[in-house]
>>> print(open('query.tsv').read())   # TSV, C-alpha atoms and all ligand atoms
chain	number	residue	atom	x	y	z
A	28	MET	CA	41.56	8.60	-15.13
A	29	GLN	CA	42.58	6.56	-12.07
A	30	ASN	CA	40.04	5.86	-9.35
A	31	ASP	CA	42.00	7.89	-6.81
A	32	ASP	CA	42.58	10.88	-9.13
A	33	LEU	CA	41.17	14.15	-7.93
A	34	GLU	CA	39.40	14.40	-11.28
A	35	PHE	CA	37.71	11.03	-10.77
A	36	ILE	CA	36.69	11.92	-7.21
A	37	ASN	CA	35.22	15.23	-8.41
A	38	CYS	CA	33.25	13.41	-11.14
A	39	LYS	CA	31.90	11.02	-8.51
A	40	ASP	CA	30.91	13.90	-6.21
A	41	VAL	CA	29.15	15.80	-9.00
A	42	LEU	CA	27.24	12.70	-10.05
A	43	ARG	CA	26.23	11.98	-6.44
A	44	CYS	CA	24.88	15.54	-6.14
A	45	ILE	CA	22.81	15.19	-9.28
A	46	GLU	CA	21.55	11.68	-8.45
A	47	HIS	CA	20.89	11.89	-4.71
A	48	GLU	CA	21.69	15.10	-2.89
A	49	LEU	CA	20.11	17.89	-4.93
A	50	ASP	CA	16.88	18.05	-6.87
A	51	LYS	CA	17.48	18.95	-10.54
A	52	PRO	CA	20.37	21.27	-9.72
A	53	SER	CA	21.94	23.79	-12.09
A	54	ARG	CA	25.72	23.81	-12.57
A	55	ALA	CA	25.92	26.84	-10.25
A	56	GLN	CA	24.03	24.99	-7.48
A	57	VAL	CA	26.32	21.96	-7.78
A	58	ALA	CA	29.35	24.28	-7.63
A	59	GLN	CA	28.03	25.95	-4.50
A	60	HIS	CA	27.13	22.61	-2.85
A	61	LEU	CA	30.57	21.12	-3.46
A	62	GLY	CA	32.62	24.29	-3.02
A	63	LEU	CA	34.16	23.89	-6.49
A	64	SER	CA	34.45	26.47	-9.26
A	65	ARG	CA	31.69	26.81	-11.86
A	66	THR	CA	34.25	26.21	-14.61
A	67	ALA	CA	35.28	22.89	-13.05
A	68	ILE	CA	31.63	21.83	-12.62
A	69	SER	CA	30.81	22.80	-16.22
A	70	MET	CA	33.67	20.64	-17.55
A	71	ILE	CA	32.68	17.66	-15.41
A	72	ALA	CA	28.98	18.04	-16.29
A	73	GLN	CA	29.89	18.12	-19.98
A	74	ARG	CA	31.80	14.83	-19.57
A	75	LEU	CA	28.94	13.20	-17.74
A	76	ILE	CA	26.50	14.33	-20.45
A	77	LYS	CA	28.82	13.07	-23.20
A	78	VAL	CA	28.98	9.53	-21.77
A	79	GLY	CA	25.21	9.40	-21.18
A	80	LEU	CA	25.12	9.56	-17.38
A	81	VAL	CA	23.51	12.99	-17.07
A	82	LYS	CA	21.13	14.99	-19.22
A	83	GLU	CA	19.91	18.57	-19.28
A	84	LEU	CA	16.29	19.55	-18.88
A	85	GLU	CA	14.69	22.64	-20.42
A	86	SER	CA	15.64	25.60	-18.24
A	87	ALA	CA	12.80	27.20	-16.33
A	88	LYS	CA	12.99	31.00	-16.15
A	89	LYS	CA	12.93	32.12	-12.51
A	90	GLY	CA	13.35	35.78	-11.58
A	91	ARG	CA	16.03	37.92	-13.19
A	92	GLY	CA	19.21	36.82	-14.94
A	93	ARG	CA	20.06	33.86	-17.12
A	94	PRO	CA	18.33	30.73	-15.77
A	95	GLY	CA	20.46	27.70	-14.88
A	96	THR	CA	19.86	24.51	-16.85
A	97	PRO	CA	18.63	21.69	-14.56
A	98	LEU	CA	20.76	18.53	-14.58
A	99	VAL	CA	19.22	15.09	-13.99
A	100	PRO	CA	20.38	11.45	-14.36
A	101	ASP	CA	20.04	10.18	-17.92
A	102	ASP	CA	17.83	7.11	-17.57
A	103	SER	CA	17.84	6.16	-21.25
A	104	THR	CA	21.40	4.99	-21.94
A	105	TRP	CA	23.05	2.80	-19.32
A	106	HIS	CA	21.49	-0.34	-17.84
A	107	ALA	CA	22.71	-2.64	-15.07
A	108	ILE	CA	22.13	-6.37	-14.63
A	109	GLY	CA	21.65	-7.77	-11.12
A	110	ALA	CA	21.05	-11.32	-9.88
A	111	ALA	CA	20.24	-12.72	-6.45
A	112	TYR	CA	19.56	-16.16	-5.01
A	113	TYR	CA	16.68	-16.61	-2.56
A	114	SER	CA	14.65	-19.63	-1.46
A	115	GLY	CA	15.77	-21.93	-4.28
A	116	THR	CA	15.43	-19.35	-7.06
A	117	TRP	CA	17.76	-17.01	-8.94
A	118	SER	CA	16.06	-13.70	-9.68
A	119	PHE	CA	17.46	-11.43	-12.38
A	120	VAL	CA	16.71	-7.82	-13.30
A	121	VAL	CA	17.88	-5.11	-15.64
A	122	ILE	CA	17.50	-1.63	-14.14
A	123	ASN	CA	18.15	1.85	-15.50
A	124	LEU	CA	20.06	4.58	-13.66
A	125	LEU	CA	16.93	5.52	-11.69
A	126	GLY	CA	16.51	1.96	-10.41
A	127	LYS	CA	13.50	1.26	-12.62
A	128	VAL	CA	13.22	-2.43	-13.53
A	129	VAL	CA	13.00	-2.84	-17.30
A	130	VAL	CA	13.50	-6.64	-17.58
A	131	LYS	CA	12.76	-9.37	-15.00
A	132	HIS	CA	13.52	-13.07	-15.08
A	133	HIS	CA	13.73	-15.93	-12.58
A	134	MET	CA	15.05	-19.49	-12.59
A	135	PRO	CA	14.27	-22.10	-9.91
A	136	VAL	CA	17.21	-24.32	-8.86
A	137	ILE	CA	16.11	-27.60	-7.33
A	138	SER	CA	19.29	-28.14	-5.33
A	139	THR	CA	21.54	-26.45	-2.80
A	140	ASP	CA	24.60	-27.89	-4.54
A	141	MET	CA	27.17	-25.11	-5.16
A	142	ASP	CA	27.99	-26.16	-8.74
A	143	LYS	CA	24.34	-26.38	-9.79
A	144	ILE	CA	23.56	-22.97	-8.27
A	145	VAL	CA	26.55	-21.36	-10.00
A	146	THR	CA	25.75	-23.04	-13.35
A	147	SER	CA	22.20	-21.64	-13.21
A	148	LEU	CA	23.57	-18.22	-12.37
A	149	ILE	CA	25.83	-18.21	-15.44
A	150	GLU	CA	22.98	-19.39	-17.67
A	151	GLY	CA	20.70	-16.64	-16.32
A	152	LEU	CA	23.34	-13.93	-16.70
A	153	ARG	CA	23.94	-14.92	-20.33
A	154	TYR	CA	20.21	-14.73	-21.01
A	155	MET	CA	19.92	-11.30	-19.35
A	156	ARG	CA	22.88	-10.02	-21.34
A	157	SER	CA	21.10	-11.08	-24.54
A	158	CYS	CA	18.00	-9.06	-23.68
A	159	CYS	CA	19.54	-5.99	-21.98
A	160	PRO	CA	18.19	-2.83	-23.63
A	161	GLY	CA	20.28	0.31	-24.27
A	162	THR	CA	23.93	0.03	-23.31
A	163	MET	CA	24.87	-2.59	-20.73
A	164	LEU	CA	27.28	-1.62	-17.98
A	165	GLN	CA	30.10	-4.12	-18.41
A	166	GLY	CA	29.58	-5.83	-15.08
A	167	PHE	CA	27.17	-8.07	-13.19
A	168	GLY	CA	25.89	-7.34	-9.67
A	169	ILE	CA	25.47	-10.61	-7.77
A	170	GLY	CA	23.60	-11.09	-4.50
A	171	SER	CA	24.97	-14.30	-3.05
A	172	PRO	CA	23.97	-16.31	0.00
A	173	GLY	CA	26.48	-16.49	2.84
A	174	LEU	CA	29.42	-14.50	4.06
A	175	VAL	CA	30.90	-12.59	1.15
A	176	ASP	CA	34.46	-11.29	1.32
A	177	HIS	CA	33.93	-7.86	-0.23
A	178	ARG	CA	37.60	-7.61	-1.27
A	179	THR	CA	37.82	-10.89	-3.21
A	180	GLY	CA	34.15	-11.49	-4.07
A	181	SER	CA	34.37	-15.04	-2.68
A	182	VAL	CA	31.80	-16.64	-0.41
A	183	PHE	CA	33.41	-17.97	2.78
A	184	ARG	CA	30.49	-20.10	3.86
A	185	ALA	CA	26.69	-20.15	3.79
A	186	ASP	CA	25.41	-21.93	6.89
A	187	ASP	CA	21.76	-22.06	5.80
A	188	LEU	CA	22.75	-23.90	2.58
A	189	GLY	CA	25.36	-26.10	4.25
A	190	TRP	CA	28.23	-24.52	2.24
A	191	LYS	CA	31.41	-24.86	4.29
A	192	GLU	CA	33.97	-24.41	1.51
A	193	ILE	CA	35.09	-21.17	-0.09
A	194	LEU	CA	33.22	-20.43	-3.33
A	195	PRO	CA	35.19	-18.00	-5.56
A	196	ILE	CA	31.98	-16.81	-7.22
A	197	LYS	CA	33.43	-13.57	-8.64
A	198	GLU	CA	36.34	-15.42	-10.25
A	199	ILE	CA	34.08	-18.13	-11.72
A	200	VAL	CA	31.58	-15.66	-13.19
A	201	GLU	CA	34.35	-13.49	-14.67
A	202	GLN	CA	36.12	-16.51	-16.20
A	203	ARG	CA	32.97	-17.96	-17.74
A	204	THR	CA	31.39	-14.71	-19.00
A	205	GLY	CA	34.34	-12.36	-19.59
A	206	VAL	CA	32.45	-9.67	-17.66
A	207	ARG	CA	33.42	-8.22	-14.26
A	208	ALA	CA	31.38	-9.37	-11.28
A	209	PHE	CA	30.57	-7.37	-8.14
A	210	VAL	CA	29.44	-9.69	-5.34
A	211	ILE	CA	27.48	-8.69	-2.25
A	212	ASN	CA	25.50	-10.67	0.31
A	213	ARG	CA	21.90	-11.00	-0.93
A	214	TYR	CA	20.31	-9.44	2.17
A	215	ARG	CA	22.82	-6.61	2.08
A	216	ALA	CA	21.81	-6.10	-1.56
A	217	ASN	CA	18.13	-6.13	-0.62
A	218	GLY	CA	18.86	-3.50	2.02
A	219	LEU	CA	20.65	-1.35	-0.55
A	220	ALA	CA	17.57	-1.41	-2.82
A	221	GLU	CA	15.43	-0.57	0.19
A	222	ILE	CA	17.58	2.41	1.24
A	223	ARG	CA	17.75	3.85	-2.28
A	224	PHE	CA	14.24	3.17	-3.57
A	225	GLY	CA	12.06	2.29	-0.56
A	226	ASN	CA	10.95	5.77	0.58
A	227	HIS	CA	13.15	6.01	3.66
A	228	ASN	CA	14.33	9.52	2.81
A	229	ARG	CA	13.91	10.90	6.31
A	230	SER	CA	16.30	8.40	7.91
A	231	HIS	CA	20.08	8.70	7.91
A	232	ASN	CA	21.37	5.84	10.05
A	233	MET	CA	19.54	2.63	9.24
A	234	ILE	CA	19.72	-1.08	9.89
A	235	TYR	CA	18.23	-3.58	7.49
A	236	LEU	CA	17.47	-7.09	8.72
A	237	GLY	CA	16.68	-9.58	5.98
A	238	VAL	CA	14.73	-12.57	7.29
A	239	GLY	CA	14.44	-15.69	5.15
A	240	THR	CA	16.19	-19.06	5.13
A	241	GLY	CA	19.05	-17.15	6.75
A	242	ILE	CA	19.23	-13.80	8.51
A	243	ALA	CA	21.70	-11.15	7.54
A	244	GLY	CA	21.74	-7.49	8.28
A	245	SER	CA	23.40	-4.41	7.00
A	246	ILE	CA	24.18	-1.09	8.57
A	247	TYR	CA	23.96	2.23	6.70
A	248	LEU	CA	25.59	5.22	8.35
A	249	ASP	CA	24.62	8.50	6.73
A	250	ARG	CA	22.93	6.28	4.10
A	251	VAL	CA	26.26	4.67	3.12
A	252	LEU	CA	26.55	0.89	3.42
A	253	LEU	CA	29.07	-0.32	5.99
A	254	ASN	CA	30.31	-3.09	3.70
A	255	SER	CA	32.42	-5.39	5.82
A	256	THR	CA	32.38	-9.14	6.30
A	257	LYS	CA	33.34	-8.62	9.91
A	258	TYR	CA	29.91	-7.85	11.27
A	259	ARG	CA	27.34	-10.64	11.17
A	260	LEU	CA	24.04	-9.55	12.64
A	261	GLY	CA	22.49	-12.98	12.02
A	262	HIS	CA	24.96	-14.52	14.45
A	263	MET	CA	24.36	-12.28	17.45
A	264	VAL	CA	23.71	-14.70	20.31
A	265	ILE	CA	20.19	-14.21	21.60
A	266	ASP	CA	20.04	-17.24	23.91
A	267	PRO	CA	23.21	-19.21	24.80
A	268	ASN	CA	20.99	-22.20	25.60
A	269	GLY	CA	19.09	-21.91	22.32
A	270	PRO	CA	19.20	-24.21	19.27
A	271	VAL	CA	22.51	-24.88	17.57
A	272	CYS	CA	23.27	-22.65	14.57
A	273	GLY	CA	25.06	-23.68	11.36
A	274	CYS	CA	28.04	-21.64	12.60
A	275	GLY	CA	28.44	-23.94	15.63
A	276	GLN	CA	27.23	-21.51	18.30
A	277	HIS	CA	23.99	-21.89	20.22
A	278	GLY	CA	21.08	-19.46	20.04
A	279	CYS	CA	22.19	-17.20	17.18
A	280	LEU	CA	19.51	-14.88	15.80
A	281	GLN	CA	19.57	-16.90	12.55
A	282	ALA	CA	18.96	-20.18	14.42
A	283	MET	CA	16.07	-18.64	16.37
A	284	ALA	CA	14.21	-16.42	13.92
A	285	SER	CA	14.82	-17.60	10.34
A	286	GLU	CA	12.45	-19.64	8.19
A	287	GLY	CA	13.91	-22.89	9.60
A	288	ALA	CA	13.08	-21.83	13.18
A	289	LEU	CA	9.58	-20.80	12.12
A	290	ILE	CA	8.89	-24.12	10.39
A	291	SER	CA	10.33	-26.26	13.17
A	292	PHE	CA	8.16	-24.44	15.76
A	293	ALA	CA	5.10	-24.95	13.52
A	294	ARG	CA	5.89	-28.68	13.13
A	295	SER	CA	6.32	-29.19	16.87
A	296	ARG	CA	2.93	-27.54	17.52
A	297	MET	CA	1.33	-29.64	14.76
A	298	GLU	CA	2.60	-32.82	16.43
A	299	GLN	CA	1.01	-31.78	19.72
A	300	ASP	CA	-2.28	-30.57	18.18
A	301	PRO	CA	-3.82	-32.32	15.12
A	302	THR	CA	-5.86	-29.22	14.25
A	303	PHE	CA	-2.94	-26.79	14.41
A	304	LEU	CA	-2.43	-24.92	11.07
A	305	GLY	CA	-5.36	-26.88	9.62
A	306	PRO	CA	-5.54	-25.02	6.27
A	307	ILE	CA	-1.92	-25.84	5.33
A	308	ARG	CA	-0.97	-28.92	7.35
A	309	ARG	CA	-1.23	-31.26	4.36
A	310	THR	CA	1.19	-29.22	2.24
A	311	THR	CA	4.96	-28.84	2.39
A	312	LEU	CA	5.31	-25.98	4.85
A	313	SER	CA	7.16	-22.83	3.87
A	314	GLY	CA	7.81	-19.67	5.81
A	315	LYS	CA	5.96	-17.52	3.30
A	316	MET	CA	2.92	-19.79	3.51
A	317	ILE	CA	2.75	-19.38	7.30
A	318	ALA	CA	3.34	-15.62	6.95
A	319	LYS	CA	0.51	-15.28	4.43
A	320	LEU	CA	-1.88	-17.24	6.67
A	321	ALA	CA	-0.95	-14.97	9.59
A	322	GLU	CA	-1.81	-11.96	7.42
A	323	GLU	CA	-5.26	-13.48	6.92
A	324	GLY	CA	-5.72	-13.57	10.70
A	325	ASP	CA	-5.15	-17.30	11.40
A	326	ASP	CA	-4.41	-17.60	15.15
A	327	ASN	CA	-2.08	-20.61	14.79
A	328	ALA	CA	0.00	-18.95	12.08
A	329	ARG	CA	0.17	-15.80	14.23
A	330	GLN	CA	1.51	-17.87	17.16
A	331	CYS	CA	4.27	-19.16	14.89
A	332	ILE	CA	5.14	-15.65	13.68
A	333	ALA	CA	5.13	-14.33	17.27
A	334	HIS	CA	7.62	-17.10	18.15
A	335	ILE	CA	10.25	-15.62	15.79
A	336	ALA	CA	9.29	-12.00	16.57
A	337	GLN	CA	10.67	-12.33	20.10
A	338	PRO	CA	14.34	-13.05	19.19
A	339	LEU	CA	14.18	-10.41	16.45
A	340	ALA	CA	12.98	-7.88	19.01
A	341	ILE	CA	15.83	-8.75	21.39
A	342	ALA	CA	18.33	-8.33	18.55
A	343	ILE	CA	16.87	-4.95	17.57
A	344	CYS	CA	16.96	-3.70	21.18
A	345	THR	CA	20.65	-4.60	21.36
A	346	LEU	CA	21.29	-2.78	18.08
A	347	ALA	CA	19.27	0.23	19.26
A	348	ASN	CA	21.33	0.42	22.44
A	349	ALA	CA	24.61	0.10	20.51
A	350	ILE	CA	23.98	2.14	17.34
A	351	ALA	CA	20.74	4.13	17.89
A	352	PRO	CA	19.53	3.92	14.28
A	353	ASP	CA	16.75	6.24	13.05
A	354	GLU	CA	15.11	3.29	11.36
A	355	VAL	CA	15.20	-0.51	11.40
A	356	ILE	CA	13.74	-2.18	8.31
A	357	ILE	CA	12.62	-5.81	8.53
A	358	GLY	CA	12.75	-7.26	5.04
A	359	GLY	CA	13.74	-10.41	3.18
A	360	PRO	CA	11.11	-12.96	2.08
A	361	LEU	CA	9.42	-13.09	5.53
A	362	GLY	CA	9.71	-9.41	6.46
A	363	ASP	CA	8.44	-8.24	3.07
A	364	THR	CA	5.44	-10.61	3.32
A	365	SER	CA	4.36	-10.18	6.92
A	366	SER	CA	3.03	-6.95	8.39
A	367	TYR	CA	2.05	-9.07	11.37
A	368	LEU	CA	5.71	-10.01	11.99
A	369	VAL	CA	6.78	-6.37	11.84
A	370	ASP	CA	3.90	-5.30	14.16
A	371	CYS	CA	4.83	-8.03	16.67
A	372	VAL	CA	8.51	-7.09	16.62
A	373	ARG	CA	7.70	-3.38	16.95
A	374	SER	CA	5.48	-3.83	20.03
A	375	ARG	CA	8.06	-6.08	21.72
A	376	VAL	CA	10.90	-3.65	20.98
A	377	TYR	CA	8.92	-0.67	22.25
A	378	GLU	CA	8.14	-2.53	25.50
A	379	ARG	CA	11.86	-2.95	26.16
A	380	LEU	CA	13.30	0.42	25.21
A	381	LEU	CA	13.08	3.78	26.97
A	382	ASP	CA	10.48	6.26	25.72
A	383	TRP	CA	13.03	8.65	24.24
A	384	GLN	CA	14.68	5.80	22.34
A	385	VAL	CA	11.32	4.73	20.94
A	386	ALA	CA	10.50	8.29	19.87
A	387	ASP	CA	13.63	8.40	17.73
A	388	MET	CA	13.45	4.99	16.06
A	389	VAL	CA	11.06	3.80	13.38
A	390	ILE	CA	10.59	0.06	12.71
A	391	SER	CA	9.29	-0.52	9.21
A	392	LYS	CA	8.54	-3.33	6.80
A	393	GLY	CA	10.59	-4.08	3.70
A	394	THR	CA	8.97	-3.03	0.44
A	395	GLN	CA	11.14	-4.50	-2.29
A	396	GLY	CA	9.48	-7.90	-2.76
A	397	ASP	CA	10.78	-10.94	-4.61
A	398	TYR	CA	13.13	-8.99	-6.88
A	399	GLY	CA	14.48	-6.68	-4.14
A	400	ALA	CA	17.83	-8.43	-3.74
A	401	ALA	CA	18.38	-8.56	-7.52
A	402	ILE	CA	17.53	-4.83	-7.76
A	403	GLY	CA	19.96	-4.19	-4.89
A	404	SER	CA	22.69	-6.21	-6.61
A	405	ALA	CA	22.22	-4.16	-9.78
A	406	THR	CA	22.32	-1.02	-7.59
A	407	PHE	CA	25.62	-2.24	-6.10
A	408	LEU	CA	26.91	-2.50	-9.68
A	409	LEU	CA	25.62	1.01	-10.46
A	410	ASP	CA	27.73	2.29	-7.57
A	411	HIS	CA	30.77	1.22	-9.64
A	412	LYS	CA	29.55	2.68	-12.92
A	413	LEU	CA	32.12	5.48	-13.20
A	414	GLU	CA	35.07	3.10	-12.99
A	415	LEU	CA	33.36	0.76	-15.48
A	416	ILE	CA	32.53	3.51	-17.97
A	417	PHE	CA	35.65	5.65	-17.70
A	418	GLY	CA	38.05	2.82	-16.95
A	419	GLU	CA	41.62	3.96	-16.85
A	420	SER	CA	41.18	6.92	-19.18
A	421	CYS	CA	38.48	9.54	-19.21
A	422	PRO	CA	37.13	10.79	-22.55
A	423	ASP	CA	37.85	14.51	-23.02
B	501	ZN	ZN	25.37	-18.59	14.16
>>> encode(input="query.tsv", output="structure tokens")
Amino acid sequence: MQNDDLEFINCKDVLRCIEHELDKPSRAQVAQHLGLSRTAISMIAQRLIKVGLVKELESAKKGRGRPGTPLVPDDSTWHAIGAAYYSGTWSFVVINLLGKVVVKHHMPVISTDMDKIVTSLIEGLRYMRSCCPGTMLQGFGIGSPGLVDHRTGSVFRADDLGWKEILPIKEIVEQRTGVRAFVINRYRANGLAEIRFGNHNRSHNMIYLGVGTGIAGSIYLDRVLLNSTKYRLGHMVIDPNGPVCGCGQHGCLQAMASEGALISFARSRMEQDPTFLGPIRRTTLSGKMIAKLAEEGDDNARQCIAHIAQPLAIAICTLANAIAPDEVIIGGPLGDTSSYLVDCVRSRVYERLLDWQVADMVISKGTQGDYGAAIGSATFLLDHKLELIFGESCPD
């Protein structure tokens, strides 16, 4: 079955209905929802059951007539491996078809050198493959830093790590492991996990902003990821006279509101005031450390967080005026850690927008935590499961 075959497209639609759009539907309900015949749906459902993607539940008798048998995703057979690199660490997960994490692993990498980071990735993927339960989808989902070309799976550049050369990460992983690789930007992956598993069911058009050593965002229209390298929310210019960004421009969102901006503001205040950030001034500062202290109510840490909240708020107002999302989620290592950051951003955004814009837009905190990007990368792989399982020919 080719990916553009009508049969393949119908299979994909039926699976999407069962996984996301309908709650435990019968074959008749799927047929009605998709406007296809019951015979066609029965054949497709049988195929999906045979390969272990869907299972039948006991039918519940309701009213008169023969009850339909509810169809649900089969969470016992297929498993997906995802990996993502954040703050000097590769995180790895195995998830089932419902996004439940069944194995977790992480490996610190004490270097931003491309080769060392890729070597650790390969080592981690081999380990995860050795402990993947059930049947492994023959692919790896990889959440990479930097600008990822979604057609080639190469990384163009990663300004926060100083990578200026093209890294053909998909090609390298496939050559060294013999398994297909599906590469996505790590924050985009984190956003995907958030949209699917983070309880945002009431929103349709969403923007996810991942805030960490870099800032990257993703846009979901009707809950579908707009997966293009050509929009770069982290490089929206907030202040043309602001600090220089790794991309060469001045005052990009990433240069003004990422972990680097947070730490450099904290250091400059510490130089002026010997008591500033007293509880952590003798340690090597990290963004998460400042965020945690702000959560505990420390005034100095809260000043630092407020400093990066302002450019984030300006960026969100611009996005609200251009796209009018139902929801903006602030995630990544800093967003997931700091309710204070999200509260600060929310109040600054609401001050700037009109009342009717505010009424229609929720600003929420990321919920996926340290493994969110790895879960999202595995989810990105799951989105390709039909082509991986059926390949070129579909079992009858
Ligand atoms: Zn930039």
>>> residues_near_ligand(input="query.tsv", ligand="ligand ZN 501 (chain B)", cutoff="6 Å", atoms="all atoms listed in the file", output="list in words")
His262, Cys272, Gly273, Cys274, Gln276 and Cys279 of chain A
>>> residues_around(input="query.tsv", residues="segment 187-202 of chain A", least_positions_apart="4", cutoff="8 Å", atoms="all atoms listed in the file", output="PyMOL selection string")
chain A and resi 139+141+145+149+173+179-183+206-210+240-241+273
>>> residues_around(input="query.tsv", residues="Ala351 of chain A", least_positions_apart="2", cutoff="10 Å", atoms="all atoms listed in the file", output="list in words")
Asn232, Met233, Ile234, Ile343, Cys344, Thr345, Leu346, Ala347, Asn348, Ala349, Asp353, Glu354, Val355, Gln384, Val385, Asp387 and Met388 of chain A
>>> closest_residue(input="query.tsv", among="A:Ala185, A:Met155, A:Ala342, A:Val120", to="Ile265 of chain A", atoms="all atoms listed in the file")
A:Ala342
>>> residues_around(input="query.tsv", residues="Glu221 of chain A", least_positions_apart="2", cutoff="7 Å", atoms="all atoms listed in the file", output="PyMOL selection string")
chain A and resi 217-219+223-225+393-395
>>> residues_around(input="query.tsv", residues="Ile357 of chain A", least_positions_apart="5", cutoff="6 Å", atoms="all atoms listed in the file", output="list in words")
Leu236, Gly362, Lys392 and Gly393 of chain A
>>> write_last_selection(input="query.tsv", atoms="C-alpha atoms", output="compact mmCIF listing (two decimals), keeping the file's coordinate frame")
# COMPACT_ATOMS: atom_id res chain seq x y z
CA LEU A 236 17.47 -7.09 8.72
CA GLY A 362 9.71 -9.41 6.46
CA LYS A 392 8.54 -3.33 6.80
CA GLY A 393 10.59 -4.08 3.70
>>> atom_distance(input="query.tsv", atom1="atom CA of Asp249 of chain A", atom2="atom CA of Leu80 of chain A")
24.1 Å
>>> atom_distance(input="query.tsv", atom1="atom CA of Met263 of chain A", atom2="atom CA of Ile350 of chain A")
14.4 Å
>>> closest_residue(input="query.tsv", among="A:Gly115, A:Gly305, A:Gly314, A:Gly126", to="Ile290 of chain A", atoms="only C-alpha atoms")
A:Gly314
>>> atom_distance(input="query.tsv", atom1="atom CA of Trp105 of chain A", atom2="atom CA of Asp50 of chain A")
20.6 Å
>>> axis_aligned_box(input="query.tsv", around="segment 308-327 of chain A", padding_each_side="5 Å", output="lines of an AutoDock Vina configuration file")
center_x = 1.0
center_y = -21.6
center_z = 8.7
size_x = 23.5
size_y = 29.3
size_z = 22.9
>>> residues_around(input="query.tsv", residues="Gly79 of chain A", least_positions_apart="2", cutoff="10 Å", atoms="all atoms listed in the file", output="PDB file with C-alpha atoms, in the coordinates of the input")
ATOM      1  CA  GLN A  73      29.890  18.120 -19.980  1.00  0.00           C
ATOM      2  CA  ARG A  74      31.800  14.830 -19.570  1.00  0.00           C
ATOM      3  CA  LEU A  75      28.940  13.200 -17.740  1.00  0.00           C
ATOM      4  CA  ILE A  76      26.500  14.330 -20.450  1.00  0.00           C
ATOM      5  CA  LYS A  77      28.820  13.070 -23.200  1.00  0.00           C
ATOM      6  CA  VAL A  81      23.510  12.990 -17.070  1.00  0.00           C
ATOM      7  CA  LYS A  82      21.130  14.990 -19.220  1.00  0.00           C
ATOM      8  CA  PRO A 100      20.380  11.450 -14.360  1.00  0.00           C
ATOM      9  CA  ASP A 101      20.040  10.180 -17.920  1.00  0.00           C
ATOM     10  CA  ASP A 102      17.830   7.110 -17.570  1.00  0.00           C
ATOM     11  CA  SER A 103      17.840   6.160 -21.250  1.00  0.00           C
ATOM     12  CA  THR A 104      21.400   4.990 -21.940  1.00  0.00           C
ATOM     13  CA  TRP A 105      23.050   2.800 -19.320  1.00  0.00           C
ATOM     14  CA  THR A 162      23.930   0.030 -23.310  1.00  0.00           C
ATOM     15  CA  ILE A 416      32.530   3.510 -17.970  1.00  0.00           C
TER      16      ILE A 416
END
>>> closest_residue(input="query.tsv", among="A:Leu304, A:Val369, A:Ala110, A:Val264", to="Ile211 of chain A", atoms="only C-alpha atoms")
A:Ala110
>>> closest_residue(input="query.tsv", among="A:Val41, A:Ala58, A:Ala340, A:Ala333", to="Leu280 of chain A", atoms="all atoms listed in the file")
A:Ala340
>>> closest_residue(input="query.tsv", among="A:Lys131, A:Ile246, A:Ala111, A:Asn228", to="Ala400 of chain A", atoms="all atoms listed in the file")
A:Ala111
>>> closest_residue(input="query.tsv", among="A:Leu253, A:Leu380, A:Ala401, A:Glu323", to="Leu148 of chain A", atoms="all atoms listed in the file")
A:Ala401
